[in-house]
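For reference, the structure is listed below as structure tokens.
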Amino acid sequence: MSGTSVHLPDLTGSTAVVTGANSGLGLETAKVLAGRGARVVLAVRDTDKGERAAAHIPGETEVRPLDLADLASVRGFADAWKGDLALLVNNAGLMAVPESRTADGFETQFGVNHLGHFALTNLLLEHVTGRVVTVSSGLHRAVSGIDFDNPNLEGRYTPYRAYGQSKLANLLFTLELQRRLDEVGSPVLATAAHPGYAATNLQSRSGNRLHDGLLRIGNRILAQSASAGALPTVYAATQDVPGAFFAGPTGLLVNGAPGPSGRSAAARDADAARRLWDLSEEMTATSFPL
């Protein structure tokens with residue numbers, strides 16, 4: 001793993017799915033996994049962009065359409081899947097975008113960042129042989145809990161409240177998924193990661209030119225590269241870690257080599273994790289299949 005002494009295993013013969021792999025952290029994650037021999041499926045909303053990205057990835061790749069803002073697309077992707085899946089990387093996401101709704105009527109950040117990946121994981125889980133890695137954020141600390149009475153934040157929406165809630169949901173999802181996997185004796189691990197402050201196009205979609213301009217300056221001055229930001233995801237996907245492990249940068253200014261990362265008390269709340277799982281099953285009409 002570049003910049004660290006971490007040994008990456010040989011992934012030859014395995015298959016990985018990386019959502020949102022046509023740019024940013026997802027593309028860099030896909031490059032590392034393919035470089036170690038994995039067959040990497042880029043699960044992307046825009047397949048033209050996916051094909052252009054795949055052309056820059058060494059190794060075996062495939063591009064398949066997946067729109068996490070549309071549960072019909074999620075089901076279509078899962079229904080078409082055949083064979084074992086060593087690694088599912090729930091990477092795609094939106095950050096601090098203007099208020100909107102998914103095709104199924106969910107607040108978009110909660111719908112894409114959490115519910116789409118929740119449904120995808122449950123629909124693919126019978127194929128998974130290795131790990132499910134979900135990309136969260138240090139900004140999960142921006143909220144004190146999930147608004148269970150109003151998960152779509154109707155009348156309460158702010159871009160960062162919605163983003164923080166969706167990233168907290170990613171960690172609670174990982175916690176409860178691991179509990180359920182342990183309960184049935186599955187060898188599959190659920191882990192999570194965050195990139196620290198990494199320069200990607202994630203920070204340029206707020207719809208506010210001043211906000212986006214300031215973040216672009218921050219990306220140039222303070223942020224680490226997207227390739228460095230992807231390392232915690234790769235760490236959570238390949239290293240000898242326990243279930244529900246949360247990886248992140250270990251250096252100052254939330255960058256540096258990957259390793260264990262802390263999380264908020266709200267992200268360790270097992271009761272909230274179970275409650276979120278039940279709510280997510282109801283919202284997506286999907287359930288734990290094992």
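Within each chain, counting starts at residue 1; across the structure tokens, chains are named A, B, ... in the order shown, with ligands numbered 1 upward in that order.
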(message) For segment 111-119 of chain A, find every residue with an atom within 9 Å (counting only C-alpha atoms), except residues of its own chain fewer than 5 positions away, and show them as a ChimeraX atom specification.
(response) /A:19,67-71,74-75,90-95,101-102,104-106,124,134-136,152,163,166-167,169-170,173,277,280-281,283-287
Resulting file, chosen residues, N, CA, C and O atoms, as a short mmCIF file (atom, residue, chain, number, x, y, z; two decimals), in the first residue's frame:
```
data_model
loop_
_atom_site.label_atom_id
_atom_site.label_comp_id
_atom_site.auth_asym_id
_atom_site.auth_seq_id
_atom_site.Cartn_x
_atom_site.Cartn_y
_atom_site.Cartn_z
N THR A 19 -18.93 0.71 -5.74
CA THR A 19 -19.94 1.67 -6.21
C THR A 19 -19.30 3.05 -6.35
O THR A 19 -18.40 3.41 -5.61
N ASP A 67 -27.86 2.93 -10.18
CA ASP A 67 -28.29 4.23 -9.67
C ASP A 67 -28.83 4.02 -8.26
O ASP A 67 -29.94 3.49 -8.08
N LEU A 68 -28.06 4.43 -7.27
CA LEU A 68 -28.45 4.21 -5.87
C LEU A 68 -29.62 5.08 -5.45
O LEU A 68 -30.19 4.87 -4.38
N ALA A 69 -29.99 6.04 -6.28
CA ALA A 69 -31.14 6.89 -6.00
C ALA A 69 -32.44 6.28 -6.54
O ALA A 69 -33.48 6.94 -6.53
N ASP A 70 -32.36 5.05 -6.99
CA ASP A 70 -33.52 4.39 -7.58
C ASP A 70 -33.47 2.91 -7.19
O ASP A 70 -32.64 2.16 -7.69
N LEU A 71 -34.35 2.48 -6.29
CA LEU A 71 -34.30 1.11 -5.81
C LEU A 71 -34.56 0.09 -6.91
O LEU A 71 -34.11 -1.05 -6.82
N VAL A 74 -31.20 -0.61 -8.20
CA VAL A 74 -30.48 -1.43 -7.23
C VAL A 74 -30.89 -2.90 -7.38
O VAL A 74 -30.06 -3.81 -7.41
N ARG A 75 -32.19 -3.13 -7.46
CA ARG A 75 -32.69 -4.50 -7.61
C ARG A 75 -32.24 -5.10 -8.93
O ARG A 75 -31.90 -6.29 -9.01
N ASN A 90 -19.12 -0.23 -0.59
CA ASN A 90 -20.19 0.76 -0.66
C ASN A 90 -19.56 2.15 -0.56
O ASN A 90 -19.49 2.75 0.51
N ASN A 91 -19.10 2.65 -1.69
CA ASN A 91 -18.31 3.88 -1.73
C ASN A 91 -19.08 5.10 -2.20
O ASN A 91 -18.82 6.21 -1.74
N ALA A 92 -20.00 4.93 -3.15
CA ALA A 92 -20.64 6.09 -3.78
C ALA A 92 -21.34 6.96 -2.76
O ALA A 92 -21.84 6.48 -1.73
N GLY A 93 -21.39 8.26 -3.04
CA GLY A 93 -22.07 9.13 -2.10
C GLY A 93 -22.20 10.55 -2.62
O GLY A 93 -21.54 10.96 -3.58
N LEU A 94 -23.06 11.29 -1.95
CA LEU A 94 -23.26 12.71 -2.20
C LEU A 94 -22.95 13.46 -0.91
O LEU A 94 -23.16 12.95 0.19
N MET A 95 -22.49 14.70 -1.04
CA MET A 95 -22.14 15.49 0.13
C MET A 95 -22.71 16.89 0.04
O MET A 95 -22.43 17.63 -0.91
N ARG A 101 -35.16 14.76 -3.65
CA ARG A 101 -35.68 13.45 -3.32
C ARG A 101 -35.21 12.42 -4.36
O ARG A 101 -35.01 12.74 -5.53
N THR A 102 -35.07 11.19 -3.91
CA THR A 102 -34.74 10.10 -4.82
C THR A 102 -35.98 9.68 -5.59
O THR A 102 -37.09 10.17 -5.35
N ASP A 104 -37.60 7.14 -5.18
CA ASP A 104 -38.54 6.51 -4.25
C ASP A 104 -39.03 7.47 -3.17
O ASP A 104 -39.72 7.04 -2.24
N GLY A 105 -38.66 8.75 -3.29
CA GLY A 105 -39.18 9.76 -2.37
C GLY A 105 -38.37 9.99 -1.12
O GLY A 105 -38.81 10.71 -0.22
N PHE A 106 -37.16 9.44 -1.05
CA PHE A 106 -36.32 9.63 0.14
C PHE A 106 -35.48 10.90 -0.01
O PHE A 106 -35.11 11.29 -1.13
N LEU A 124 -27.36 -8.52 -2.28
CA LEU A 124 -26.17 -9.24 -2.76
C LEU A 124 -25.55 -10.15 -1.71
O LEU A 124 -24.66 -10.95 -2.03
N THR A 134 -18.12 -0.15 3.96
CA THR A 134 -18.97 1.01 3.71
C THR A 134 -18.21 2.28 4.07
O THR A 134 -17.65 2.39 5.17
N VAL A 135 -18.19 3.22 3.14
CA VAL A 135 -17.43 4.45 3.34
C VAL A 135 -18.30 5.48 4.06
O VAL A 135 -19.34 5.91 3.56
N SER A 136 -17.85 5.86 5.24
CA SER A 136 -18.52 6.87 6.06
C SER A 136 -17.72 8.17 6.01
O SER A 136 -17.06 8.46 5.01
N ASN A 152 -36.32 11.84 6.56
CA ASN A 152 -36.16 12.66 5.36
C ASN A 152 -35.96 14.14 5.69
O ASN A 152 -35.83 14.97 4.78
N TYR A 163 -26.13 15.27 5.45
CA TYR A 163 -24.92 14.50 5.18
C TYR A 163 -24.45 13.77 6.44
O TYR A 163 -24.14 12.58 6.40
N SER A 166 -26.58 10.78 7.18
CA SER A 166 -26.35 9.65 6.28
C SER A 166 -25.04 8.93 6.61
O SER A 166 -24.95 7.71 6.50
N LYS A 167 -24.03 9.68 7.03
CA LYS A 167 -22.75 9.07 7.36
C LYS A 167 -22.79 8.37 8.72
O LYS A 167 -22.12 7.34 8.90
N ALA A 169 -25.52 6.94 9.69
CA ALA A 169 -26.27 5.74 9.30
C ALA A 169 -25.33 4.68 8.73
O ALA A 169 -25.51 3.48 8.98
N ASN A 170 -24.31 5.09 7.97
CA ASN A 170 -23.35 4.12 7.44
C ASN A 170 -22.67 3.34 8.55
O ASN A 170 -22.48 2.12 8.44
N PHE A 173 -25.26 1.06 10.34
CA PHE A 173 -25.52 -0.07 9.44
C PHE A 173 -24.41 -1.12 9.56
O PHE A 173 -24.68 -2.33 9.66
N TRP A 277 -31.89 -0.32 11.36
CA TRP A 277 -32.04 -1.47 10.45
C TRP A 277 -33.52 -1.74 10.18
O TRP A 277 -33.92 -1.93 9.02
N SER A 280 -34.90 0.90 7.93
CA SER A 280 -34.36 0.77 6.57
C SER A 280 -35.01 -0.38 5.82
O SER A 280 -35.26 -0.29 4.61
N GLU A 281 -35.26 -1.49 6.53
CA GLU A 281 -35.99 -2.60 5.91
C GLU A 281 -37.37 -2.14 5.44
O GLU A 281 -37.81 -2.47 4.33
N MET A 283 -38.33 0.94 4.71
CA MET A 283 -38.25 1.94 3.65
C MET A 283 -37.83 1.33 2.31
O MET A 283 -38.25 1.80 1.25
N THR A 284 -37.01 0.28 2.35
CA THR A 284 -36.49 -0.29 1.10
C THR A 284 -37.14 -1.60 0.70
O THR A 284 -36.90 -2.09 -0.41
N ALA A 285 -37.95 -2.18 1.58
CA ALA A 285 -38.55 -3.49 1.34
C ALA A 285 -37.49 -4.55 1.04
O ALA A 285 -37.67 -5.42 0.18
N THR A 286 -36.36 -4.46 1.74
CA THR A 286 -35.33 -5.48 1.66
C THR A 286 -34.99 -5.91 3.09
O THR A 286 -35.24 -5.17 4.05
N SER A 287 -34.43 -7.10 3.25
CA SER A 287 -34.14 -7.60 4.60
C SER A 287 -32.90 -8.48 4.58
O SER A 287 -32.45 -8.94 3.52
#
```
(message) Residues near Thr61 of chain A, anyone? I mean within 6 Å using only C-alpha atoms, not counting same-chain ones fewer than 5 positions away, as number ranges by chain.
(response) A: 39-41
Restricting the output to N, CA and C atoms, write the selected residues as a PDB file, in the first residue's frame.
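Below is the file result.pdb, written as the result:
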```pdb
ATOM      1  N   ARG A  39     -10.735  -8.914 -10.031  1.00  0.00           N
ATOM      2  CA  ARG A  39     -11.626  -8.449 -11.088  1.00  0.00           C
ATOM      3  C   ARG A  39     -12.561  -7.434 -10.450  1.00  0.00           C
ATOM      4  N   VAL A  40     -12.553  -6.213 -10.940  1.00  0.00           N
ATOM      5  CA  VAL A  40     -13.295  -5.129 -10.302  1.00  0.00           C
ATOM      6  C   VAL A  40     -14.465  -4.705 -11.184  1.00  0.00           C
ATOM      7  N   VAL A  41     -15.649  -4.746 -10.607  1.00  0.00           N
ATOM      8  CA  VAL A  41     -16.853  -4.277 -11.280  1.00  0.00           C
ATOM      9  C   VAL A  41     -17.133  -2.852 -10.818  1.00  0.00           C
TER      10      VAL A  41
END
```
(request) Any chance you could list, as a PyMOL selection string, the residues in segment 16-246 of chain A that come up strand (DSSP E or B) when DSSP is run on the backbone? (result) chain A and resi 16-19+39-44+61-65+85-90+101+107+128-135+189-193+198+224+246
Can I get the selected residues back with C-alpha atoms, as an mmCIF file, in the first residue's frame?
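part-v4.cif was written with the following content:
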```
data_model
loop_
_atom_site.group_PDB
_atom_site.id
_atom_site.type_symbol
_atom_site.label_atom_id
_atom_site.label_comp_id
_atom_site.auth_asym_id
_atom_site.auth_seq_id
_atom_site.Cartn_x
_atom_site.Cartn_y
_atom_site.Cartn_z
ATOM 1 C CA ALA A 16 -14.950 -6.867 -6.093
ATOM 2 C CA VAL A 17 -17.797 -4.422 -6.654
ATOM 3 C CA VAL A 18 -17.026 -0.749 -6.035
ATOM 4 C CA THR A 19 -19.943 1.670 -6.208
ATOM 5 C CA ARG A 39 -11.626 -8.449 -11.088
ATOM 6 C CA VAL A 40 -13.295 -5.129 -10.302
ATOM 7 C CA VAL A 41 -16.853 -4.277 -11.280
ATOM 8 C CA LEU A 42 -17.415 -0.537 -11.459
ATOM 9 C CA ALA A 43 -21.024 0.000 -10.378
ATOM 10 C CA VAL A 44 -21.829 3.467 -11.664
ATOM 11 C CA THR A 61 -12.596 -4.537 -15.008
ATOM 12 C CA GLU A 62 -16.249 -4.454 -15.954
ATOM 13 C CA VAL A 63 -18.716 -1.562 -15.895
ATOM 14 C CA ARG A 64 -22.329 -2.105 -14.833
ATOM 15 C CA PRO A 65 -25.116 0.450 -14.347
ATOM 16 C CA LEU A 85 -18.437 -11.716 -4.608
ATOM 17 C CA ALA A 86 -15.364 -11.431 -2.402
ATOM 18 C CA LEU A 87 -15.711 -7.737 -1.689
ATOM 19 C CA LEU A 88 -18.525 -5.205 -1.819
ATOM 20 C CA VAL A 89 -17.316 -1.618 -1.384
ATOM 21 C CA ASN A 90 -20.191 0.764 -0.661
ATOM 22 C CA ARG A 101 -35.685 13.447 -3.325
ATOM 23 C CA GLU A 107 -34.172 12.613 1.091
ATOM 24 C CA VAL A 128 -20.591 -12.199 -0.578
ATOM 25 C CA THR A 129 -17.750 -14.411 0.654
ATOM 26 C CA GLY A 130 -15.379 -11.838 2.144
ATOM 27 C CA ARG A 131 -16.268 -8.336 3.267
ATOM 28 C CA VAL A 132 -18.703 -5.475 2.992
ATOM 29 C CA VAL A 133 -16.887 -2.138 3.351
ATOM 30 C CA THR A 134 -18.971 1.014 3.714
ATOM 31 C CA VAL A 135 -17.435 4.452 3.335
ATOM 32 C CA LEU A 189 -16.974 -9.174 7.836
ATOM 33 C CA ALA A 190 -18.660 -5.769 7.805
ATOM 34 C CA THR A 191 -16.190 -2.890 8.108
ATOM 35 C CA ALA A 192 -16.213 0.854 7.487
ATOM 36 C CA ALA A 193 -13.746 3.561 6.531
ATOM 37 C CA ALA A 198 -9.332 14.147 0.625
ATOM 38 C CA GLN A 224 -4.615 14.915 0.762
ATOM 39 C CA PHE A 246 -13.631 1.649 11.335
#
```
Would you tabulate, counting only C-alpha atoms, all residues of segment 236-277 of chain A that have an atom at most 12 Å from an atom of segment 9-14 of chain A, showing the closest pair of atoms and their distance in Å to one decimal, sorted by chain then ascending number, as JSON lines?
```
{"residue": "A:Ala237", "atom": "CA", "partner": "A:Pro9", "partner_atom": "CA", "distance": 10.4}
{"residue": "A:Thr238", "atom": "CA", "partner": "A:Pro9", "partner_atom": "CA", "distance": 7.0}
{"residue": "A:Gln239", "atom": "CA", "partner": "A:Pro9", "partner_atom": "CA", "distance": 8.3}
{"residue": "A:Asp240", "atom": "CA", "partner": "A:Pro9", "partner_atom": "CA", "distance": 10.6}
```
How would the residues just chosen look if you wrote them out with C-alpha atoms as a short mmCIF file (atom, residue, chain, number, x, y, z; two decimals), in the first residue's frame?
```
data_model
loop_
_atom_site.label_atom_id
_atom_site.label_comp_id
_atom_site.auth_asym_id
_atom_site.auth_seq_id
_atom_site.Cartn_x
_atom_site.Cartn_y
_atom_site.Cartn_z
CA ALA A 237 -11.05 -4.27 2.78
CA THR A 238 -7.80 -6.22 3.02
CA GLN A 239 -6.17 -6.11 6.44
CA ASP A 240 -6.58 -8.39 9.46
#
```
(request) Return the single residue from A:Asn150, A:Lys82, A:Gly229, A:Arg156 that is closest to Thr29 of chain A, with distances computed using only C-alpha atoms. (result) A:Gly229
